[in-house]
>>> print(open('start.pdb').read())   # PDB, C-alpha atoms
ATOM      1  CA  MET N 220     103.627  91.391  -7.937  1.00  0.00           C
ATOM      2  CA  ILE N 221     102.120  93.569  -5.193  1.00  0.00           C
ATOM      3  CA  LEU N 222      99.666  95.179  -7.622  1.00  0.00           C
ATOM      4  CA  THR N 223      98.734  91.844  -9.181  1.00  0.00           C
ATOM      5  CA  ILE N 224      98.013  90.211  -5.820  1.00  0.00           C
ATOM      6  CA  GLY N 225      96.180  93.279  -4.502  1.00  0.00           C
ATOM      7  CA  GLY N 226      94.123  93.555  -7.679  1.00  0.00           C
ATOM      8  CA  TYR N 227      93.227  89.864  -7.544  1.00  0.00           C
ATOM      9  CA  ILE N 228      92.027  90.216  -3.950  1.00  0.00           C
ATOM     10  CA  ASP N 229      89.969  93.270  -4.932  1.00  0.00           C
ATOM     11  CA  ASP N 230      88.380  91.424  -7.875  1.00  0.00           C
ATOM     12  CA  LYS N 231      87.615  88.351  -5.775  1.00  0.00           C
ATOM     13  CA  TYR N 232      86.293  90.003  -2.624  1.00  0.00           C
ATOM     14  CA  ASN N 233      85.104  93.385  -3.996  1.00  0.00           C
ATOM     15  CA  LEU N 234      86.935  95.419  -1.365  1.00  0.00           C
ATOM     16  CA  LYS N 235      85.414  98.527   0.153  1.00  0.00           C
ATOM     17  CA  PRO N 236      86.670 101.858  -1.286  1.00  0.00           C
ATOM     18  CA  LYS N 237      88.772 102.651   1.800  1.00  0.00           C
ATOM     19  CA  PHE N 238      90.915  99.552   1.158  1.00  0.00           C
ATOM     20  CA  LEU N 239      91.434 100.103  -2.579  1.00  0.00           C
ATOM     21  CA  THR N 240      94.636 102.138  -2.364  1.00  0.00           C
ATOM     22  CA  ILE N 241      96.535 100.172   0.296  1.00  0.00           C
ATOM     23  CA  HIS N 242      98.373  97.785  -2.037  1.00  0.00           C
ATOM     24  CA  ILE N 243      98.979 100.582  -4.553  1.00  0.00           C
ATOM     25  CA  THR N 244     100.614 102.731  -1.878  1.00  0.00           C
ATOM     26  CA  ILE N 245     102.833  99.827  -0.814  1.00  0.00           C
ATOM     27  CA  ALA N 246     103.906  99.213  -4.429  1.00  0.00           C
ATOM     28  CA  LEU N 247     104.744 102.901  -4.915  1.00  0.00           C
ATOM     29  CA  LEU N 248     106.772 103.040  -1.708  1.00  0.00           C
ATOM     30  CA  VAL N 249     108.753  99.963  -2.727  1.00  0.00           C
ATOM     31  CA  ALA N 250     109.473 101.354  -6.214  1.00  0.00           C
ATOM     32  CA  VAL N 251     110.462 104.855  -5.115  1.00  0.00           C
ATOM     33  CA  PHE N 252     112.083 104.472  -1.704  1.00  0.00           C
ATOM     34  CA  PHE N 253     113.537 100.972  -1.986  1.00  0.00           C
ATOM     35  CA  GLY N 254     113.918 100.658  -5.754  1.00  0.00           C
ATOM     36  CA  GLY N 255     115.476 104.098  -6.157  1.00  0.00           C
ATOM     37  CA  LEU N 256     113.159 105.136  -9.008  1.00  0.00           C
ATOM     38  CA  GLN N 257     113.302 108.929  -9.178  1.00  0.00           C
ATOM     39  CA  ILE N 258     112.397 111.768 -11.503  1.00  0.00           C
ATOM     40  CA  GLU N 259     115.615 113.725 -11.985  1.00  0.00           C
ATOM     41  CA  ALA N 260     114.227 116.760 -13.789  1.00  0.00           C
ATOM     42  CA  LEU N 261     110.907 118.520 -14.301  1.00  0.00           C
ATOM     43  CA  SER N 262     111.005 120.493 -17.527  1.00  0.00           C
ATOM     44  CA  PHE N 263     107.212 120.893 -17.440  1.00  0.00           C
ATOM     45  CA  PRO N 264     106.036 123.115 -15.938  1.00  0.00           C
ATOM     46  CA  PHE N 265     108.944 124.005 -13.621  1.00  0.00           C
ATOM     47  CA  ASP N 266     112.092 123.557 -15.767  1.00  0.00           C
ATOM     48  CA  LYS N 267     113.886 122.378 -12.646  1.00  0.00           C
ATOM     49  CA  ILE N 268     116.604 119.826 -11.908  1.00  0.00           C
ATOM     50  CA  LEU N 269     115.745 117.770  -8.829  1.00  0.00           C
ATOM     51  CA  PRO N 270     118.642 116.862  -6.513  1.00  0.00           C
ATOM     52  CA  GLN N 271     119.126 113.095  -6.358  1.00  0.00           C
ATOM     53  CA  ASN N 272     117.601 111.455  -3.254  1.00  0.00           C
ATOM     54  CA  SER N 273     115.985 114.770  -2.289  1.00  0.00           C
ATOM     55  CA  PHE N 274     112.534 115.110  -0.773  1.00  0.00           C
ATOM     56  CA  LEU N 275     111.186 116.688  -3.981  1.00  0.00           C
ATOM     57  CA  ALA N 276     112.597 113.892  -6.144  1.00  0.00           C
ATOM     58  CA  TYR N 277     110.906 111.275  -3.970  1.00  0.00           C
ATOM     59  CA  LEU N 278     107.672 113.272  -3.726  1.00  0.00           C
ATOM     60  CA  PHE N 279     107.224 113.939  -7.448  1.00  0.00           C
ATOM     61  CA  SER N 280     108.190 110.361  -8.331  1.00  0.00           C
ATOM     62  CA  PHE N 281     105.646 108.988  -5.854  1.00  0.00           C
ATOM     63  CA  LEU N 282     102.911 111.334  -7.098  1.00  0.00           C
ATOM     64  CA  TRP N 283     103.620 110.622 -10.762  1.00  0.00           C
ATOM     65  CA  LEU N 284     103.552 106.842 -10.331  1.00  0.00           C
ATOM     66  CA  GLY N 285     100.397 107.190  -8.245  1.00  0.00           C
ATOM     67  CA  LEU N 286      98.645 109.263 -10.917  1.00  0.00           C
ATOM     68  CA  CYS N 287      99.659 106.838 -13.675  1.00  0.00           C
ATOM     69  CA  THR N 288      98.390 103.851 -11.705  1.00  0.00           C
ATOM     70  CA  ALA N 289      95.162 105.597 -10.702  1.00  0.00           C
ATOM     71  CA  SER N 290      94.492 106.802 -14.251  1.00  0.00           C
ATOM     72  CA  THR N 291      94.219 103.251 -15.570  1.00  0.00           C
ATOM     73  CA  LYS N 292      92.651 101.736 -12.450  1.00  0.00           C
ATOM     74  CA  PHE N 293      89.701 104.090 -12.094  1.00  0.00           C
ATOM     75  CA  LEU N 294      89.017 104.444 -15.815  1.00  0.00           C
ATOM     76  CA  ASP N 295      88.832 100.746 -16.649  1.00  0.00           C
ATOM     77  CA  GLY N 296      85.075 101.099 -17.041  1.00  0.00           C
ATOM     78  CA  LEU N 297      84.881 100.907 -20.818  1.00  0.00           C
ATOM     79  CA  ASP N 298      85.883  97.734 -22.641  1.00  0.00           C
ATOM     80  CA  GLY N 299      89.178  98.140 -24.488  1.00  0.00           C
ATOM     81  CA  LEU N 300      89.941 101.635 -23.179  1.00  0.00           C
ATOM     82  CA  VAL N 301      92.896 100.880 -20.896  1.00  0.00           C
ATOM     83  CA  SER N 302      94.374  98.362 -23.346  1.00  0.00           C
ATOM     84  CA  THR N 303      94.156 100.827 -26.237  1.00  0.00           C
ATOM     85  CA  VAL N 304      95.663 103.708 -24.289  1.00  0.00           C
ATOM     86  CA  GLY N 305      98.346 101.343 -23.001  1.00  0.00           C
ATOM     87  CA  VAL N 306      99.369 100.548 -26.580  1.00  0.00           C
ATOM     88  CA  ILE N 307      99.575 104.259 -27.424  1.00  0.00           C
ATOM     89  CA  ALA N 308     101.538 105.067 -24.257  1.00  0.00           C
ATOM     90  CA  PHE N 309     104.061 102.248 -24.689  1.00  0.00           C
ATOM     91  CA  LEU N 310     104.635 103.093 -28.359  1.00  0.00           C
ATOM     92  CA  THR N 311     105.143 106.737 -27.355  1.00  0.00           C
ATOM     93  CA  ILE N 312     107.705 105.726 -24.729  1.00  0.00           C
ATOM     94  CA  ALA N 313     109.470 103.524 -27.292  1.00  0.00           C
ATOM     95  CA  SER N 314     109.622 106.502 -29.682  1.00  0.00           C
ATOM     96  CA  ILE N 315     111.122 108.702 -26.976  1.00  0.00           C
ATOM     97  CA  SER N 316     113.654 106.043 -25.992  1.00  0.00           C
ATOM     98  CA  PHE N 317     114.681 105.595 -29.637  1.00  0.00           C
ATOM     99  CA  SER N 318     115.531 109.278 -30.087  1.00  0.00           C
ATOM    100  CA  PRO N 319     119.282 110.119 -30.291  1.00  0.00           C
ATOM    101  CA  LEU N 320     119.144 112.276 -27.152  1.00  0.00           C
ATOM    102  CA  VAL N 321     117.832 109.413 -25.026  1.00  0.00           C
ATOM    103  CA  PHE N 322     118.445 106.104 -26.846  1.00  0.00           C
ATOM    104  CA  GLN N 323     117.808 103.394 -24.267  1.00  0.00           C
ATOM    105  CA  PRO N 324     117.578  99.942 -25.918  1.00  0.00           C
ATOM    106  CA  PHE N 325     116.287  98.283 -22.742  1.00  0.00           C
ATOM    107  CA  THR N 326     113.367 100.711 -22.430  1.00  0.00           C
ATOM    108  CA  ILE N 327     112.602 100.348 -26.145  1.00  0.00           C
ATOM    109  CA  ILE N 328     112.425  96.553 -25.884  1.00  0.00           C
ATOM    110  CA  ILE N 329     110.262  96.535 -22.741  1.00  0.00           C
ATOM    111  CA  SER N 330     107.895  99.166 -24.160  1.00  0.00           C
ATOM    112  CA  LEU N 331     107.462  97.275 -27.431  1.00  0.00           C
ATOM    113  CA  ILE N 332     106.871  93.985 -25.598  1.00  0.00           C
ATOM    114  CA  TRP N 333     104.055  95.613 -23.617  1.00  0.00           C
ATOM    115  CA  ALA N 334     102.634  97.370 -26.688  1.00  0.00           C
ATOM    116  CA  PHE N 335     102.461  94.224 -28.812  1.00  0.00           C
ATOM    117  CA  ALA N 336     101.215  92.109 -25.908  1.00  0.00           C
ATOM    118  CA  LEU N 337      98.289  94.509 -25.487  1.00  0.00           C
ATOM    119  CA  LEU N 338      97.720  94.591 -29.249  1.00  0.00           C
ATOM    120  CA  GLY N 339      97.353  90.823 -29.187  1.00  0.00           C
ATOM    121  CA  TYR N 340      94.940  91.095 -26.271  1.00  0.00           C
ATOM    122  CA  LEU N 341      92.775  93.862 -27.738  1.00  0.00           C
ATOM    123  CA  PRO N 342      90.553  91.641 -29.951  1.00  0.00           C
ATOM    124  CA  TYR N 343      89.343  89.925 -26.768  1.00  0.00           C
ATOM    125  CA  ASN N 344      88.948  93.187 -24.846  1.00  0.00           C
ATOM    126  CA  PHE N 345      87.043  95.342 -27.352  1.00  0.00           C
ATOM    127  CA  PRO N 346      83.328  95.944 -26.671  1.00  0.00           C
ATOM    128  CA  ASP N 347      81.669  93.672 -25.838  1.00  0.00           C
ATOM    129  CA  ALA N 348      84.680  92.146 -24.133  1.00  0.00           C
ATOM    130  CA  LYS N 349      85.251  88.416 -23.847  1.00  0.00           C
ATOM    131  CA  SER N 350      88.163  88.911 -21.450  1.00  0.00           C
ATOM    132  CA  TYR N 351      88.890  91.575 -18.849  1.00  0.00           C
ATOM    133  CA  LEU N 352      92.066  93.070 -17.404  1.00  0.00           C
ATOM    134  CA  GLY N 353      90.713  93.126 -13.875  1.00  0.00           C
ATOM    135  CA  GLU N 354      91.935  95.520 -11.208  1.00  0.00           C
ATOM    136  CA  GLY N 355      95.414  94.006 -11.148  1.00  0.00           C
ATOM    137  CA  GLY N 356      95.840  94.219 -14.915  1.00  0.00           C
ATOM    138  CA  SER N 357      94.710  97.825 -15.225  1.00  0.00           C
ATOM    139  CA  GLU N 358      96.840  98.910 -12.257  1.00  0.00           C
ATOM    140  CA  VAL N 359      99.979  97.200 -13.556  1.00  0.00           C
ATOM    141  CA  ILE N 360      99.618  98.849 -16.974  1.00  0.00           C
ATOM    142  CA  GLY N 361      99.460 102.334 -15.452  1.00  0.00           C
ATOM    143  CA  PHE N 362     102.319 101.580 -13.064  1.00  0.00           C
ATOM    144  CA  VAL N 363     104.597 100.288 -15.838  1.00  0.00           C
ATOM    145  CA  ILE N 364     103.776 103.329 -17.982  1.00  0.00           C
ATOM    146  CA  GLY N 365     104.883 105.547 -15.096  1.00  0.00           C
ATOM    147  CA  VAL N 366     108.076 103.563 -14.483  1.00  0.00           C
ATOM    148  CA  LEU N 367     109.121 103.475 -18.139  1.00  0.00           C
ATOM    149  CA  SER N 368     108.368 107.174 -18.617  1.00  0.00           C
ATOM    150  CA  ILE N 369     110.853 107.917 -15.833  1.00  0.00           C
ATOM    151  CA  LEU N 370     113.451 105.495 -17.200  1.00  0.00           C
ATOM    152  CA  SER N 371     113.145 107.020 -20.676  1.00  0.00           C
ATOM    153  CA  GLY N 372     114.736 110.254 -19.527  1.00  0.00           C
ATOM    154  CA  ALA N 373     111.916 111.355 -17.234  1.00  0.00           C
ATOM    155  CA  LYS N 374     109.750 112.433 -20.189  1.00  0.00           C
ATOM    156  CA  VAL N 375     106.835 113.016 -17.868  1.00  0.00           C
ATOM    157  CA  ALA N 376     105.509 115.934 -19.914  1.00  0.00           C
ATOM    158  CA  THR N 377     105.244 113.855 -23.086  1.00  0.00           C
ATOM    159  CA  ILE N 378     103.550 110.897 -21.401  1.00  0.00           C
ATOM    160  CA  SER N 379     101.209 113.288 -19.586  1.00  0.00           C
ATOM    161  CA  MET N 380      99.867 114.160 -23.041  1.00  0.00           C
ATOM    162  CA  VAL N 381      98.776 110.525 -23.370  1.00  0.00           C
ATOM    163  CA  ILE N 382      97.314 109.847 -19.929  1.00  0.00           C
ATOM    164  CA  GLY N 383      96.770 113.461 -18.895  1.00  0.00           C
ATOM    165  CA  TRP N 384      93.211 113.185 -20.210  1.00  0.00           C
ATOM    166  CA  PHE N 385      92.490 110.464 -17.649  1.00  0.00           C
ATOM    167  CA  ILE N 386      94.335 112.235 -14.837  1.00  0.00           C
ATOM    168  CA  ILE N 387      92.288 115.403 -15.423  1.00  0.00           C
ATOM    169  CA  ASP N 388      89.108 113.329 -15.549  1.00  0.00           C
ATOM    170  CA  ILE N 389      89.966 111.637 -12.240  1.00  0.00           C
ATOM    171  CA  ILE N 390      90.717 114.951 -10.504  1.00  0.00           C
ATOM    172  CA  PHE N 391      87.492 116.440 -11.878  1.00  0.00           C
ATOM    173  CA  VAL N 392      85.393 113.449 -10.776  1.00  0.00           C
ATOM    174  CA  ILE N 393      86.963 113.350  -7.302  1.00  0.00           C
ATOM    175  CA  PHE N 394      86.227 117.071  -6.900  1.00  0.00           C
ATOM    176  CA  LEU N 395      82.591 116.509  -7.906  1.00  0.00           C
ATOM    177  CA  ARG N 396      82.205 113.592  -5.501  1.00  0.00           C
ATOM    178  CA  LEU N 397      83.695 115.551  -2.614  1.00  0.00           C
ATOM    179  CA  SER N 398      81.476 118.552  -3.410  1.00  0.00           C
ATOM    180  CA  GLN N 399      78.493 116.187  -3.202  1.00  0.00           C
ATOM    181  CA  ARG N 400      79.856 114.706   0.038  1.00  0.00           C
ATOM    182  CA  LYS N 401      80.344 111.307  -1.553  1.00  0.00           C
ATOM    183  CA  ASN N 402      83.216 108.857  -1.130  1.00  0.00           C
ATOM    184  CA  PRO N 403      85.791 109.968  -3.762  1.00  0.00           C
ATOM    185  CA  LEU N 404      86.794 106.339  -4.396  1.00  0.00           C
ATOM    186  CA  LYS N 405      83.302 104.923  -4.862  1.00  0.00           C
ATOM    187  CA  GLY N 406      82.392 104.240  -8.483  1.00  0.00           C
ATOM    188  CA  ASP N 407      79.645 106.081 -10.366  1.00  0.00           C
ATOM    189  CA  ARG N 408      78.913 107.352 -13.884  1.00  0.00           C
ATOM    190  CA  LEU N 409      80.722 110.688 -13.653  1.00  0.00           C
ATOM    191  CA  HIS N 410      83.745 109.645 -15.715  1.00  0.00           C
ATOM    192  CA  TRP N 411      84.238 110.855 -19.284  1.00  0.00           C
ATOM    193  CA  HIS N 412      83.457 107.582 -21.040  1.00  0.00           C
ATOM    194  CA  PHE N 413      80.231 107.065 -19.080  1.00  0.00           C
ATOM    195  CA  ARG N 414      79.121 110.592 -19.972  1.00  0.00           C
ATOM    196  CA  LEU N 415      79.676 109.868 -23.665  1.00  0.00           C
ATOM    197  CA  ILE N 416      77.513 106.756 -23.393  1.00  0.00           C
ATOM    198  CA  ASP N 417      74.860 108.676 -21.442  1.00  0.00           C
ATOM    199  CA  MET N 418      74.775 111.195 -24.306  1.00  0.00           C
ATOM    200  CA  GLY N 419      73.799 108.411 -26.692  1.00  0.00           C
ATOM    201  CA  LEU N 420      77.106 107.097 -28.014  1.00  0.00           C
ATOM    202  CA  SER N 421      77.645 103.357 -28.222  1.00  0.00           C
ATOM    203  CA  LYS N 422      80.586 101.717 -26.448  1.00  0.00           C
ATOM    204  CA  HIS N 423      82.427 101.421 -29.773  1.00  0.00           C
ATOM    205  CA  GLN N 424      81.822 105.096 -30.573  1.00  0.00           C
ATOM    206  CA  ALA N 425      82.936 106.229 -27.107  1.00  0.00           C
ATOM    207  CA  LEU N 426      86.100 104.130 -27.414  1.00  0.00           C
ATOM    208  CA  THR N 427      86.832 105.386 -30.934  1.00  0.00           C
ATOM    209  CA  LEU N 428      86.366 109.048 -29.982  1.00  0.00           C
ATOM    210  CA  THR N 429      88.538 108.738 -26.871  1.00  0.00           C
ATOM    211  CA  THR N 430      91.236 106.858 -28.780  1.00  0.00           C
ATOM    212  CA  ALA N 431      91.295 109.536 -31.489  1.00  0.00           C
ATOM    213  CA  ILE N 432      91.749 112.264 -28.881  1.00  0.00           C
ATOM    214  CA  ILE N 433      94.562 110.361 -27.149  1.00  0.00           C
ATOM    215  CA  LEU N 434      96.324 109.690 -30.470  1.00  0.00           C
ATOM    216  CA  ILE N 435      96.234 113.406 -31.291  1.00  0.00           C
ATOM    217  CA  THR N 436      97.509 114.482 -27.872  1.00  0.00           C
ATOM    218  CA  ALA N 437     100.235 111.807 -27.942  1.00  0.00           C
ATOM    219  CA  GLN N 438     101.432 113.097 -31.312  1.00  0.00           C
ATOM    220  CA  LEU N 439     101.392 116.665 -29.999  1.00  0.00           C
ATOM    221  CA  GLY N 440     103.383 115.503 -26.990  1.00  0.00           C
ATOM    222  CA  LEU N 441     106.108 114.198 -29.294  1.00  0.00           C
ATOM    223  CA  ILE N 442     106.372 117.257 -31.552  1.00  0.00           C
ATOM    224  CA  LEU N 443     105.496 120.277 -29.383  1.00  0.00           C
ATOM    225  CA  PRO N 444     108.071 122.175 -27.314  1.00  0.00           C
ATOM    226  CA  THR N 445     107.667 121.647 -23.585  1.00  0.00           C
ATOM    227  CA  GLY N 446     106.250 125.104 -22.917  1.00  0.00           C
ATOM    228  CA  GLN N 447     103.397 124.662 -25.403  1.00  0.00           C
ATOM    229  CA  LYS N 448     102.137 121.417 -23.892  1.00  0.00           C
ATOM    230  CA  VAL N 449     100.281 123.361 -21.214  1.00  0.00           C
ATOM    231  CA  PHE N 450      97.852 124.565 -23.906  1.00  0.00           C
ATOM    232  CA  VAL N 451      97.045 120.959 -24.789  1.00  0.00           C
ATOM    233  CA  LEU N 452      96.217 120.268 -21.148  1.00  0.00           C
ATOM    234  CA  ILE N 453      93.972 123.346 -21.057  1.00  0.00           C
ATOM    235  CA  VAL N 454      92.090 122.100 -24.133  1.00  0.00           C
ATOM    236  CA  GLN N 455      91.670 118.698 -22.469  1.00  0.00           C
ATOM    237  CA  ILE N 456      90.190 120.350 -19.375  1.00  0.00           C
ATOM    238  CA  ILE N 457      87.766 122.371 -21.519  1.00  0.00           C
ATOM    239  CA  LEU N 458      86.630 119.293 -23.464  1.00  0.00           C
ATOM    240  CA  ILE N 459      85.962 117.334 -20.279  1.00  0.00           C
ATOM    241  CA  LEU N 460      83.940 120.252 -18.868  1.00  0.00           C
ATOM    242  CA  VAL N 461      81.962 120.511 -22.121  1.00  0.00           C
ATOM    243  CA  ALA N 462      81.207 116.774 -22.024  1.00  0.00           C
ATOM    244  CA  PHE N 463      80.061 117.158 -18.425  1.00  0.00           C
ATOM    245  CA  LEU N 464      77.694 120.017 -19.277  1.00  0.00           C
ATOM    246  CA  LEU N 465      76.333 118.271 -22.383  1.00  0.00           C
ATOM    247  CA  SER N 466      75.653 115.088 -20.425  1.00  0.00           C
ATOM    248  CA  ILE N 467      73.661 117.091 -17.850  1.00  0.00           C
ATOM    249  CA  ILE N 468      71.601 118.708 -20.624  1.00  0.00           C
ATOM    250  CA  PHE N 469      71.034 115.330 -22.284  1.00  0.00           C
ATOM    251  CA  LYS N 470      69.894 113.742 -19.021  1.00  0.00           C
ATOM    252  CA  LYS N 471      67.390 116.533 -18.445  1.00  0.00           C
ATOM    253  CA  LYS N 472      65.948 116.019 -21.932  1.00  0.00           C
ATOM    254  CA  ASN N 473      66.081 112.215 -21.682  1.00  0.00           C
ATOM    255  CA  PRO N 474      65.653 111.365 -17.971  1.00  0.00           C
ATOM    256  CA  GLN N 475      64.855 107.728 -18.791  1.00  0.00           C
ATOM    257  CA  LYS N 476      68.492 107.238 -19.931  1.00  0.00           C
ATOM    258  CA  GLY N 477      69.986 108.722 -16.784  1.00  0.00           C
TER
END
>>> encode(input="start.pdb", output="structure tokens")
Amino acid sequence: MILTIGGYIDDKYNLKPKFLTIHITIALLVAVFFGGLQIEALSFPFDKILPQNSFLAYLFSFLWLGLCTASTKFLDGLDGLVSTVGVIAFLTIASISFSPLVFQPFTIIISLIWAFALLGYLPYNFPDAKSYLGEGGSEVIGFVIGVLSILSGAKVATISMVIGWFIIDIIFVIFLRLSQRKNPLKGDRLHWHFRLIDMGLSKHQALTLTTAIILITAQLGLILPTGQKVFVLIVQIILILVAFLLSIIFKKKNPQKG
């Protein structure tokens, strides 16, 4: 409710960057400190059990939910991208929750409801979109992904294979903006999907390529041992850096498209 209302206000009044994270922070505080939502173990990369109600449990839970919410909020710049990744993430969570070691019927049902709801919405959200998620919609999707990943046995490592691409992209873009002394929350064309379009890909091609990458990493997240997932993250970082360098080269050769 907090994210929906905050997102609606942002869409309606186009809030300044410094106000964009206020309602998200409130929602995270309510979920973690008042709702008792906590990550109990971190098998990746620390292989550590977190004491219940400890500072670390609260901290990592807050950070994880924040990253999930931010990953969908700040990357809702390409029609159909957040909806498509949401479907993949929710189906991945349902798969985890269906496994014998976890088996949580409630999480399975909720994940499938979200996955099929987004599948029904996708025809209206594909490029060129007839309907948009808005700030509230994109934020809620990321937040629910984070919540369900914790409820499904805290499989943060597996879900990070799905949305880790976006988290890495956000961190990379924020670093670039800060290095250029720009507001890290102010939108620009530094994100992965914009760079693909700037290199000459159409919106459909950029969406298809990104979806293919996320499908592969999601599958790897389900089958790879925890320790090997770090290599997938390294590959993701390299690919984002390569896209960044190629987009710079393309802009220099085709300045009219920059």
>>> resolve_selection(input="start.pdb", expression="the PyMOL selection byres ((chain N and resi 346-359) around 8)", output="PyMOL selection string")
chain N and resi 222-227+229-230+288-289+291-292+295+297-299+301+343-345+360-363+422-423
>>> resolve_selection(input="start.pdb", expression="the PyMOL selection byres ((chain N and resi 441-450) around 8)", output="list in words")
Ser262, Phe263, Pro264, Thr311, Ile315, Ala376, Thr377, Met380, Ala437, Gln438, Leu439, Gly440, Val451, Leu452, Ile453 and Val454 of chain N
>>> atom_distance(input="start.pdb", atom1="CA of Asn233 in chain N", atom2="CA of Arg408 in chain N")
18.2 Å
>>> closest_residue(input="start.pdb", among="N:Ile258, N:Leu404, N:Ala425, N:Ile435", to="Leu234 in chain N", atoms="all atoms listed in the file")
N:Leu404
>>> closest_residue(input="start.pdb", among="N:Ser330, N:Ser421, N:Ser280, N:Ser290", to="Val381 in chain N", atoms="all atoms listed in the file")
N:Ser290
>>> closest_residue(input="start.pdb", among="N:Ile456, N:Ile390, N:Leu464, N:Ile382", to="Ile433 in chain N", atoms="all atoms listed in the file")
N:Ile382
>>> resolve_selection(input="start.pdb", expression="the PyMOL selection byres ((chain N and resi 412) around 12)", output="PyMOL selection string")
chain N and resi 293-301+384-385+388-389+392+407-411+413-430+459+462-463+466
>>> axis_aligned_box(input="start.pdb", around="range 342-360 of chain N", padding_each_side="5 Å", output="JSON")
{"center_x": 90.8, "center_y": 93.7, "center_z": -20.5, "size_x": 28.3, "size_y": 20.5, "size_z": 28.8}
